[in-house]
>>> print(open('target-v2.pdb').read())   # PDB, C-alpha atoms
ATOM      1  CA  MET A  25     -49.075  23.788-138.153
ATOM      2  CA  VAL A  26     -51.846  22.861-140.491
ATOM      3  CA  LYS A  27     -55.021  22.693-138.500
ATOM      4  CA  GLY A  28     -58.008  20.766-139.738
ATOM      5  CA  ARG A  29     -59.303  23.754-141.705
ATOM      6  CA  GLN A  30     -58.772  25.191-145.135
ATOM      7  CA  GLY A  31     -57.430  28.507-143.864
ATOM      8  CA  GLU A  32     -55.380  30.884-145.954
ATOM      9  CA  ARG A  33     -51.708  30.121-145.555
ATOM     10  CA  VAL A  34     -50.149  33.335-144.378
ATOM     11  CA  ARG A  35     -46.458  33.499-143.696
ATOM     12  CA  LEU A  36     -45.818  35.865-140.818
ATOM     13  CA  TYR A  37     -42.279  34.745-140.199
ATOM     14  CA  VAL A  38     -38.955  35.203-141.937
ATOM     15  CA  ARG A  39     -37.088  32.104-142.982
ATOM     16  CA  GLY A  40     -33.717  31.436-141.391
ATOM     17  CA  THR A  41     -31.078  28.739-141.602
ATOM     18  CA  VAL A  42     -29.160  27.262-138.707
ATOM     19  CA  LEU A  43     -25.477  27.561-139.490
ATOM     20  CA  GLY A  44     -24.088  25.843-136.431
ATOM     21  CA  TYR A  45     -23.116  26.631-132.911
ATOM     22  CA  LYS A  46     -21.152  29.574-131.672
ATOM     23  CA  ARG A  47     -17.590  28.394-131.882
ATOM     24  CA  SER A  48     -13.932  29.135-132.127
ATOM     25  CA  LYS A  49     -11.617  27.098-134.311
ATOM     26  CA  SER A  50     -11.634  23.959-132.219
ATOM     27  CA  ASN A  51     -14.249  24.506-129.531
ATOM     28  CA  GLN A  52     -17.970  24.945-129.910
ATOM     29  CA  TYR A  53     -20.464  26.311-127.436
ATOM     30  CA  PRO A  54     -23.858  24.699-128.083
ATOM     31  CA  ASN A  55     -25.884  27.008-125.857
ATOM     32  CA  THR A  56     -25.832  29.678-128.593
ATOM     33  CA  SER A  57     -26.612  28.927-132.223
ATOM     34  CA  LEU A  58     -25.791  30.988-135.273
ATOM     35  CA  ILE A  59     -28.642  31.723-137.616
ATOM     36  CA  GLN A  60     -28.556  33.162-141.127
ATOM     37  CA  ILE A  61     -31.792  35.120-141.682
ATOM     38  CA  GLU A  62     -32.984  35.531-145.258
ATOM     39  CA  GLY A  63     -32.451  39.005-146.578
ATOM     40  CA  LEU A  64     -30.125  40.202-143.850
ATOM     41  CA  ASN A  65     -26.723  41.288-145.058
ATOM     42  CA  THR A  66     -25.332  43.734-142.542
ATOM     43  CA  LYS A  67     -24.979  44.211-138.814
ATOM     44  CA  GLU A  68     -27.218  47.315-138.939
ATOM     45  CA  ASP A  69     -30.126  45.369-140.440
ATOM     46  CA  VAL A  70     -30.060  42.946-137.521
ATOM     47  CA  ALA A  71     -31.082  45.599-134.992
ATOM     48  CA  TRP A  72     -34.735  45.255-136.041
ATOM     49  CA  TYR A  73     -34.677  41.520-135.323
ATOM     50  CA  CYS A  74     -33.044  41.591-131.903
ATOM     51  CA  GLY A  75     -35.380  40.069-129.365
ATOM     52  CA  LYS A  76     -37.712  38.567-131.923
ATOM     53  CA  ARG A  77     -38.791  35.027-131.143
ATOM     54  CA  MET A  78     -37.937  32.112-133.336
ATOM     55  CA  ALA A  79     -38.936  28.512-133.517
ATOM     56  CA  TYR A  80     -37.085  25.426-134.706
ATOM     57  CA  ILE A  81     -39.731  23.008-135.909
ATOM     58  CA  TYR A  82     -39.067  19.344-136.480
ATOM     59  CA  LYS A  83     -40.978  16.113-136.894
ATOM     60  CA  ALA A  84     -40.896  13.059-134.717
ATOM     61  CA  LYS A  85     -42.316   9.566-135.015
ATOM     62  CA  VAL A  86     -44.327   9.627-131.809
ATOM     63  CA  LYS A  87     -47.364  11.897-131.543
ATOM     64  CA  LYS A  88     -47.114  14.356-128.679
ATOM     65  CA  ASN A  89     -49.999  16.661-127.836
ATOM     66  CA  GLY A  90     -51.832  15.269-130.829
ATOM     67  CA  THR A  91     -49.226  16.110-133.454
ATOM     68  CA  HIS A  92     -46.049  14.765-135.005
ATOM     69  CA  TYR A  93     -44.546  18.257-135.111
ATOM     70  CA  ARG A  94     -42.441  19.553-132.271
ATOM     71  CA  CYS A  95     -40.876  22.895-131.643
ATOM     72  CA  ILE A  96     -38.022  24.486-129.760
ATOM     73  CA  TRP A  97     -38.560  28.169-129.004
ATOM     74  CA  GLY A  98     -35.779  30.711-128.877
ATOM     75  CA  LYS A  99     -34.970  34.277-129.642
ATOM     76  CA  VAL A 100     -32.529  36.448-131.527
ATOM     77  CA  ILE A 101     -29.977  37.832-129.117
ATOM     78  CA  ARG A 102     -27.449  39.899-131.051
ATOM     79  CA  PRO A 103     -25.699  40.161-134.382
ATOM     80  CA  HIS A 104     -22.744  37.934-135.081
ATOM     81  CA  GLY A 105     -20.068  39.564-137.161
ATOM     82  CA  ASN A 106     -20.624  42.187-139.826
ATOM     83  CA  SER A 107     -22.642  40.338-142.416
ATOM     84  CA  GLY A 108     -26.094  39.804-140.985
ATOM     85  CA  VAL A 109     -25.599  36.514-139.185
ATOM     86  CA  VAL A 110     -27.366  36.390-135.883
ATOM     87  CA  ARG A 111     -26.839  34.706-132.532
ATOM     88  CA  ALA A 112     -29.787  32.923-131.032
ATOM     89  CA  LYS A 113     -30.488  31.207-127.753
ATOM     90  CA  PHE A 114     -33.096  28.523-127.491
ATOM     91  CA  LYS A 115     -35.013  27.188-124.535
ATOM     92  CA  SER A 116     -33.028  24.013-124.851
ATOM     93  CA  ASN A 117     -29.970  23.804-127.060
ATOM     94  CA  LEU A 118     -30.577  22.974-130.692
ATOM     95  CA  PRO A 119     -29.741  19.381-131.586
ATOM     96  CA  PRO A 120     -26.790  18.860-133.958
ATOM     97  CA  LYS A 121     -29.076  17.541-136.660
ATOM     98  CA  SER A 122     -30.559  21.039-136.916
ATOM     99  CA  MET A 123     -27.457  22.359-138.665
ATOM    100  CA  GLY A 124     -28.553  23.436-142.091
ATOM    101  CA  ALA A 125     -32.222  23.177-141.134
ATOM    102  CA  LYS A 126     -34.783  25.929-141.376
ATOM    103  CA  VAL A 127     -35.871  28.104-138.497
ATOM    104  CA  ARG A 128     -38.837  30.497-138.358
ATOM    105  CA  VAL A 129     -38.093  34.016-137.139
ATOM    106  CA  PHE A 130     -41.330  35.701-136.124
ATOM    107  CA  MET A 131     -42.107  39.389-136.141
ATOM    108  CA  TYR A 132     -43.108  39.530-132.484
ATOM    109  CA  PRO A 133     -42.557  40.959-129.835
ATOM    110  CA  SER A 134     -43.203  43.814-132.171
ATOM    111  CA  ASN A 135     -42.057  47.358-131.761
ATOM    112  CA  ILE A 136     -43.522  49.049-134.846
TER     113      ILE A 136
ATOM    114  CA  MET B  19     -36.991  69.285-107.973
ATOM    115  CA  ALA B  20     -34.924  69.794-104.826
ATOM    116  CA  PRO B  21     -35.701  73.125-103.178
ATOM    117  CA  LYS B  22     -32.953  75.720-103.232
ATOM    118  CA  THR B  23     -30.783  75.250-100.131
ATOM    119  CA  ARG B  24     -29.858  78.350 -98.205
ATOM    120  CA  ASN B  25     -26.730  76.638 -96.928
ATOM    121  CA  PRO B  26     -24.695  75.144 -99.752
ATOM    122  CA  ASP B  27     -22.126  72.462 -98.912
ATOM    123  CA  LEU B  28     -18.474  73.335 -98.864
ATOM    124  CA  ILE B  29     -17.668  69.668 -98.395
ATOM    125  CA  ARG B  30     -20.155  66.957 -97.552
ATOM    126  CA  GLY B  31     -21.172  67.569 -93.936
ATOM    127  CA  ILE B  32     -19.889  71.164 -93.696
ATOM    128  CA  GLY B  33     -22.114  74.051 -94.725
ATOM    129  CA  LYS B  34     -20.953  77.426 -95.877
ATOM    130  CA  TYR B  35     -22.752  79.403 -93.195
ATOM    131  CA  SER B  36     -22.504  79.216 -89.385
ATOM    132  CA  ARG B  37     -25.480  78.687 -87.062
ATOM    133  CA  SER B  38     -25.829  82.377 -86.303
ATOM    134  CA  LYS B  39     -25.617  83.322 -89.974
ATOM    135  CA  MET B  40     -28.292  80.688 -90.811
ATOM    136  CA  TYR B  41     -30.548  82.053 -88.082
ATOM    137  CA  HIS B  42     -30.370  85.404 -89.804
ATOM    138  CA  LYS B  43     -30.792  83.918 -93.301
ATOM    139  CA  ARG B  44     -33.911  81.974 -92.356
ATOM    140  CA  GLY B  45     -35.526  85.143 -91.117
ATOM    141  CA  LEU B  46     -36.279  83.751 -87.671
ATOM    142  CA  TRP B  47     -35.567  87.234 -86.245
ATOM    143  CA  ALA B  48     -38.369  88.644 -88.458
ATOM    144  CA  ILE B  49     -40.834  85.975 -87.321
ATOM    145  CA  LYS B  50     -40.001  86.750 -83.699
ATOM    146  CA  GLU B  51     -40.514  90.449 -84.260
ATOM    147  CA  LYS B  52     -43.855  89.837 -85.947
ATOM    148  CA  HIS B  53     -45.072  87.880 -82.931
ATOM    149  CA  GLY B  54     -43.860  90.223 -80.188
ATOM    150  CA  GLY B  55     -40.488  88.755 -79.258
ATOM    151  CA  LYS B  56     -41.494  85.101 -79.127
ATOM    152  CA  PHE B  57     -41.891  82.315 -81.633
ATOM    153  CA  PRO B  58     -45.550  81.540 -82.535
ATOM    154  CA  HIS B  59     -46.793  78.673 -80.407
ATOM    155  CA  HIS B  60     -49.652  76.378 -81.408
ATOM    156  CA  ASP B  61     -51.315  74.265 -78.730
ATOM    157  CA  PRO B  62     -51.329  70.581 -79.658
ATOM    158  CA  LYS B  63     -54.680  69.402 -81.051
ATOM    159  CA  PRO B  64     -56.651  67.284 -78.611
ATOM    160  CA  LYS B  65     -56.159  63.652 -79.570
ATOM    161  CA  PRO B  66     -59.193  61.342 -79.689
ATOM    162  CA  ASP B  67     -59.239  58.890 -76.781
ATOM    163  CA  VAL B  68     -57.484  55.661 -77.680
ATOM    164  CA  ALA B  69     -59.004  52.510 -76.159
ATOM    165  CA  ALA B  70     -56.655  50.950 -73.645
ATOM    166  CA  GLU B  71     -54.676  48.185 -75.352
ATOM    167  CA  LYS B  72     -54.782  44.819 -73.655
ATOM    168  CA  PRO B  73     -51.405  43.144 -73.241
ATOM    169  CA  PRO B  74     -51.095  40.343 -75.853
ATOM    170  CA  LYS B  75     -51.806  36.800 -74.664
ATOM    171  CA  PHE B  76     -48.969  35.323 -76.628
ATOM    172  CA  TYR B  77     -45.407  36.479 -77.108
ATOM    173  CA  PRO B  78     -43.504  34.529 -79.795
ATOM    174  CA  ALA B  79     -40.299  32.899 -78.536
ATOM    175  CA  ASP B  80     -38.091  34.491 -81.207
ATOM    176  CA  ASP B  81     -38.510  37.850 -82.782
ATOM    177  CA  VAL B  82     -40.452  37.373 -86.006
ATOM    178  CA  LYS B  83     -39.398  39.640 -88.882
ATOM    179  CA  LYS B  84     -42.240  41.469 -90.564
ATOM    180  CA  PRO B  85     -41.993  41.600 -94.366
ATOM    181  CA  LEU B  86     -41.458  45.088 -95.755
ATOM    182  CA  VAL B  87     -44.532  46.943 -96.912
ATOM    183  CA  ASN B  88     -44.883  46.983-100.708
ATOM    184  CA  LYS B  89     -46.583  50.181-101.841
ATOM    185  CA  ARG B  90     -45.879  49.725-105.558
ATOM    186  CA  LYS B  91     -48.755  50.511-107.895
ATOM    187  CA  PRO B  92     -48.209  49.031-111.377
ATOM    188  CA  LYS B  93     -48.814  51.531-114.192
ATOM    189  CA  PRO B  94     -50.794  50.635-117.315
ATOM    190  CA  THR B  95     -48.644  49.501-120.233
ATOM    191  CA  LYS B  96     -47.290  52.393-122.268
ATOM    192  CA  LEU B  97     -49.060  52.578-125.605
ATOM    193  CA  ARG B  98     -46.779  52.916-128.610
ATOM    194  CA  SER B  99     -47.032  56.319-130.232
ATOM    195  CA  SER B 100     -47.920  54.687-133.537
ATOM    196  CA  ILE B 101     -51.095  53.204-132.068
ATOM    197  CA  THR B 102     -53.973  55.697-131.791
ATOM    198  CA  PRO B 103     -57.722  54.995-131.742
ATOM    199  CA  GLY B 104     -58.753  54.111-135.266
ATOM    200  CA  THR B 105     -55.385  52.722-136.372
ATOM    201  CA  VAL B 106     -55.430  49.616-138.524
ATOM    202  CA  LEU B 107     -53.343  46.915-136.843
ATOM    203  CA  ILE B 108     -51.976  43.658-138.211
ATOM    204  CA  ILE B 109     -52.345  40.761-135.804
ATOM    205  CA  LEU B 110     -49.245  38.568-135.781
ATOM    206  CA  THR B 111     -50.291  35.558-133.803
ATOM    207  CA  GLY B 112     -53.266  33.466-132.794
ATOM    208  CA  ARG B 113     -56.173  32.284-134.902
ATOM    209  CA  PHE B 114     -56.558  35.675-136.533
ATOM    210  CA  LYS B 115     -52.939  36.040-137.576
ATOM    211  CA  GLY B 116     -52.421  38.232-140.576
ATOM    212  CA  LYS B 117     -55.793  39.915-140.222
ATOM    213  CA  ARG B 118     -55.999  43.662-140.489
ATOM    214  CA  VAL B 119     -58.085  45.008-137.690
ATOM    215  CA  VAL B 120     -59.250  48.341-136.240
ATOM    216  CA  PHE B 121     -57.950  49.483-132.864
ATOM    217  CA  LEU B 122     -60.554  50.983-130.540
ATOM    218  CA  LYS B 123     -58.964  51.738-127.190
ATOM    219  CA  GLN B 124     -56.495  50.546-124.589
ATOM    220  CA  LEU B 125     -58.060  48.798-121.619
ATOM    221  CA  LEU B 126     -56.937  49.205-118.015
ATOM    222  CA  SER B 127     -55.026  45.928-118.100
ATOM    223  CA  GLY B 128     -52.866  47.303-120.914
ATOM    224  CA  LEU B 129     -54.412  45.098-123.602
ATOM    225  CA  LEU B 130     -55.774  46.654-126.768
ATOM    226  CA  LEU B 131     -59.473  46.450-127.639
ATOM    227  CA  ILE B 132     -59.932  45.651-131.316
ATOM    228  CA  THR B 133     -62.713  44.746-133.712
ATOM    229  CA  GLY B 134     -62.618  43.353-137.283
ATOM    230  CA  PRO B 135     -65.218  44.719-137.920
ATOM    231  CA  PHE B 136     -66.826  41.305-137.674
ATOM    232  CA  LYS B 137     -68.768  41.556-140.931
ATOM    233  CA  ILE B 138     -65.662  42.426-142.890
ATOM    234  CA  ASN B 139     -63.088  39.944-141.654
ATOM    235  CA  GLY B 140     -64.645  37.817-138.923
ATOM    236  CA  VAL B 141     -62.675  39.270-136.029
ATOM    237  CA  PRO B 142     -65.027  40.040-133.129
ATOM    238  CA  LEU B 143     -64.513  42.506-130.294
ATOM    239  CA  ARG B 144     -61.370  41.144-128.786
ATOM    240  CA  ARG B 145     -58.411  41.984-126.605
ATOM    241  CA  VAL B 146     -54.915  41.707-127.970
ATOM    242  CA  ASN B 147     -51.490  42.415-126.563
ATOM    243  CA  GLN B 148     -49.514  45.313-127.956
ATOM    244  CA  SER B 149     -46.417  43.200-128.586
ATOM    245  CA  TYR B 150     -48.209  40.874-130.947
ATOM    246  CA  VAL B 151     -49.440  43.564-133.257
ATOM    247  CA  ILE B 152     -47.950  45.753-135.990
ATOM    248  CA  ALA B 153     -49.385  49.252-136.311
ATOM    249  CA  THR B 154     -49.890  50.509-139.842
ATOM    250  CA  SER B 155     -50.172  54.124-140.801
ATOM    251  CA  THR B 156     -53.756  53.666-142.011
ATOM    252  CA  LYS B 157     -56.314  55.306-139.753
ATOM    253  CA  VAL B 158     -60.081  54.873-139.668
ATOM    254  CA  ASP B 159     -62.406  57.555-138.401
ATOM    255  CA  ILE B 160     -63.674  56.246-135.089
ATOM    256  CA  SER B 161     -65.651  59.211-133.794
ATOM    257  CA  GLY B 162     -69.030  57.604-134.325
ATOM    258  CA  VAL B 163     -68.282  54.675-132.029
ATOM    259  CA  SER B 164     -68.793  54.654-128.289
ATOM    260  CA  VAL B 165     -66.494  52.171-126.539
ATOM    261  CA  ASP B 166     -67.071  53.218-122.952
ATOM    262  CA  LYS B 167     -68.950  50.130-121.884
ATOM    263  CA  PHE B 168     -66.090  47.753-122.681
ATOM    264  CA  ASP B 169     -63.523  46.935-120.042
ATOM    265  CA  ASP B 170     -61.589  43.876-118.880
ATOM    266  CA  LYS B 171     -64.508  42.551-116.860
ATOM    267  CA  TYR B 172     -66.599  42.315-120.063
ATOM    268  CA  PHE B 173     -64.085  39.816-121.425
ATOM    269  CA  ALA B 174     -63.479  37.866-118.229
ATOM    270  CA  LYS B 175     -64.338  34.172-118.239
ATOM    271  CA  LYS B 176     -67.576  33.407-116.461
ATOM    272  CA  ALA B 177     -66.687  32.058-112.996
ATOM    273  CA  GLU B 178     -68.220  28.606-112.669
ATOM    274  CA  LYS B 179     -69.729  27.790-109.338
ATOM    275  CA  LYS B 180     -67.845  24.901-107.720
ATOM    276  CA  LYS B 181     -70.427  22.282-106.930
ATOM    277  CA  LYS B 182     -69.696  19.568-104.420
ATOM    278  CA  LYS B 183     -69.509  16.438-106.540
ATOM    279  CA  GLY B 184     -71.567  13.567-105.307
ATOM    280  CA  GLU B 185     -70.805  10.022-106.452
ATOM    281  CA  GLY B 186     -73.348  10.015-109.209
ATOM    282  CA  GLU B 187     -72.116  13.255-110.644
ATOM    283  CA  PHE B 188     -68.589  11.972-111.122
ATOM    284  CA  PHE B 189     -69.687  10.009-114.116
ATOM    285  CA  GLU B 190     -71.854  12.677-115.688
ATOM    286  CA  SER B 191     -69.929  15.444-117.395
ATOM    287  CA  GLU B 192     -71.497  18.806-116.736
ATOM    288  CA  LYS B 193     -72.756  20.393-119.880
ATOM    289  CA  VAL B 194     -71.287  23.868-119.933
ATOM    290  CA  GLU B 195     -73.265  26.382-121.915
ATOM    291  CA  ASN B 196     -70.846  28.036-124.259
ATOM    292  CA  ILE B 197     -73.097  29.918-126.643
ATOM    293  CA  LEU B 198     -72.259  33.570-127.105
ATOM    294  CA  PRO B 199     -74.943  35.583-125.319
ATOM    295  CA  GLN B 200     -77.175  37.712-127.520
ATOM    296  CA  GLU B 201     -76.048  40.799-125.595
ATOM    297  CA  LYS B 202     -72.504  40.398-126.890
ATOM    298  CA  LYS B 203     -73.757  39.926-130.438
ATOM    299  CA  ASP B 204     -75.738  43.143-130.147
ATOM    300  CA  ASP B 205     -72.710  44.987-128.771
ATOM    301  CA  GLN B 206     -70.698  43.810-131.764
ATOM    302  CA  LYS B 207     -73.367  44.996-134.178
ATOM    303  CA  SER B 208     -73.677  48.425-132.600
ATOM    304  CA  VAL B 209     -69.916  49.037-132.575
ATOM    305  CA  ASP B 210     -69.531  47.818-136.134
ATOM    306  CA  ALA B 211     -72.426  49.778-137.586
ATOM    307  CA  ALA B 212     -70.765  53.139-137.129
ATOM    308  CA  LEU B 213     -67.339  51.764-138.074
ATOM    309  CA  ILE B 214     -68.460  50.152-141.319
ATOM    310  CA  LYS B 215     -70.025  53.421-142.435
ATOM    311  CA  SER B 216     -66.765  55.291-142.035
ATOM    312  CA  ILE B 217     -64.826  52.412-143.638
ATOM    313  CA  GLU B 218     -67.038  52.344-146.723
ATOM    314  CA  GLY B 219     -66.405  56.033-147.130
ATOM    315  CA  VAL B 220     -62.750  55.362-147.913
ATOM    316  CA  CYS B 221     -61.863  53.830-151.276
ATOM    317  CA  ASP B 222     -60.731  50.162-151.090
ATOM    318  CA  LEU B 223     -60.501  50.167-147.285
ATOM    319  CA  LYS B 224     -63.138  47.452-146.983
ATOM    320  CA  THR B 225     -61.240  44.998-149.218
ATOM    321  CA  TYR B 226     -58.010  46.006-147.479
ATOM    322  CA  LEU B 227     -59.442  45.042-144.107
ATOM    323  CA  GLY B 228     -60.860  41.859-145.535
ATOM    324  CA  ALA B 229     -57.521  40.704-146.905
ATOM    325  CA  ARG B 230     -54.858  39.076-144.764
ATOM    326  CA  PHE B 231     -51.285  40.252-144.542
ATOM    327  CA  SER B 232     -48.572  37.798-145.527
ATOM    328  CA  LEU B 233     -44.873  38.021-146.138
ATOM    329  CA  LYS B 234     -44.039  37.192-149.719
ATOM    330  CA  SER B 235     -40.799  36.166-151.358
ATOM    331  CA  GLY B 236     -38.295  38.985-151.244
ATOM    332  CA  MET B 237     -40.101  40.984-148.572
ATOM    333  CA  LYS B 238     -37.815  42.036-145.760
ATOM    334  CA  PRO B 239     -39.698  43.163-142.638
ATOM    335  CA  HIS B 240     -36.865  45.371-141.446
ATOM    336  CA  GLU B 241     -37.140  47.370-144.653
ATOM    337  CA  LEU B 242     -40.918  47.491-144.875
ATOM    338  CA  VAL B 243     -42.731  50.658-143.976
ATOM    339  CA  PHE B 244     -46.059  49.710-142.444
TER     340      PHE B 244
END
>>> encode(input="target-v2.pdb", output="structure tokens")
Amino acid sequence: MVKGRQGERVRLYVRGTVLGYKRSKSNQYPNTSLIQIEGLNTKEDVAWYCGKRMAYIYKAKVKKNGTHYRCIWGKVIRPHGNSGVVRAKFKSNLPPKSMGAKVRVFMYPSNI
Amino acid sequence: MAPKTRNPDLIRGIGKYSRSKMYHKRGLWAIKEKHGGKFPHHDPKPKPDVAAEKPPKFYPADDVKKPLVNKRKPKPTKLRSSITPGTVLIILTGRFKGKRVVFLKQLLSGLLLITGPFKINGVPLRRVNQSYVIATSTKVDISGVSVDKFDDKYFAKKAEKKKKKGEGEFFESEKVENILPQEKKDDQKSVDAALIKSIEGVCDLKTYLGARFSLKSGMKPHELVF
């Protein structure tokens, strides 16, 4: 969030896209979302990101805690399939309007 | 390591050797011989006189269960092998996110003690959690710095005395003094003085510590070598 200062904008997160909920052909399970993380193409790459926290950030009309921005926190749980898609669980399920929206995948809790 | 048993199990509950054979194996016959046909006997130590206990005045109606004793002593957090005193760390979170910072030592609580140094990037002596930090392979020579006086109590918040609020005081907000004491400023200067000397000895390290880390387009953290 932009605070009232002219700080350097550093990006310490990887961009991700919400693809939808975990699902089979005709049933979906909204407690787990599928996330496509930029730059991840294989199941092996995902191992680094397992457990990393992520945030879905959205705007609302009413100011809460002094800001229009709100956030749902979650984390990467496990890879989904062979091509770098990731399963994520959030503190509360992601709303359906988040499909196609951006998510920030942070680099902590770090293990390097 | 379990001591070697003289009587291995054939099956659980049945040993290989009989009582008489075990008597011989344990050498009890040799001990008897050494002490003239009898086992050595030690008189019990005289116990100090215990004051006579008065019978309790109150017996609870039902038996009250006592909670089990917890003798667990938590260990300090394990420090990652990549983090050694003098390592340059990248802070991932908080107001100093992205800053490259020098690691000094691990405190008893498990948190890491770091410093900017303050003159180079504005990060003071601070505690940070290991999980919110990336260790780089850059090391700074830290031998000239003494960090013994810093511990968790140094960073604890000053406990404010709870004053009984009278009616008049409800409407006056207490002015809390929040200026950094001069002692802490001096501590910062003394720690940084030795550090900055060793940093300036290395080419470009000063600008490196002054710059912030950021992910750029195309950078993949799982492929980066820090």
>>> atom_distance(input="target-v2.pdb", atom1="CA of Gly124 (chain A)", atom2="CA of Val42 (chain A)")
5.1 Å
>>> resolve_selection(input="target-v2.pdb", expression="the PyMOL selection byres ((chain B) within 8 of (chain A))", output="ChimeraX atom specification")
/B:98,100,110,115-116,148-153,230-234,236,238-240
>>> resolve_selection(input="target-v2.pdb", expression="the PyMOL selection byres ((chain A and resi 82-98) around 9)", output="mmCIF file with C-alpha atoms, keeping the file's coordinate frame")
data_model
loop_
_atom_site.group_PDB
_atom_site.id
_atom_site.type_symbol
_atom_site.label_atom_id
_atom_site.label_comp_id
_atom_site.auth_asym_id
_atom_site.auth_seq_id
_atom_site.Cartn_x
_atom_site.Cartn_y
_atom_site.Cartn_z
ATOM 1 C CA MET A 25 -49.075 23.788 -138.153
ATOM 2 C CA LYS A 76 -37.712 38.567 -131.923
ATOM 3 C CA ARG A 77 -38.791 35.027 -131.143
ATOM 4 C CA MET A 78 -37.937 32.112 -133.336
ATOM 5 C CA ALA A 79 -38.936 28.512 -133.517
ATOM 6 C CA TYR A 80 -37.085 25.426 -134.706
ATOM 7 C CA ILE A 81 -39.731 23.008 -135.909
ATOM 8 C CA LYS A 99 -34.970 34.277 -129.642
ATOM 9 C CA VAL A 100 -32.529 36.448 -131.527
ATOM 10 C CA ALA A 112 -29.787 32.923 -131.032
ATOM 11 C CA LYS A 113 -30.488 31.207 -127.753
ATOM 12 C CA PHE A 114 -33.096 28.523 -127.491
ATOM 13 C CA LYS A 115 -35.013 27.188 -124.535
ATOM 14 C CA SER A 116 -33.028 24.013 -124.851
ATOM 15 C CA ASN A 117 -29.970 23.804 -127.060
ATOM 16 C CA LEU A 118 -30.577 22.974 -130.692
ATOM 17 C CA SER A 122 -30.559 21.039 -136.916
#
>>> resolve_selection(input="target-v2.pdb", expression="the PyMOL selection byres ((chain A and resi 66) around 8)", output="PyMOL selection string")
chain A and resi 64-65+67-70+106-109
>>> atom_distance(input="target-v2.pdb", atom1="CA of Lys96 (chain B)", atom2="CA of Ile160 (chain B)")
21.2 Å
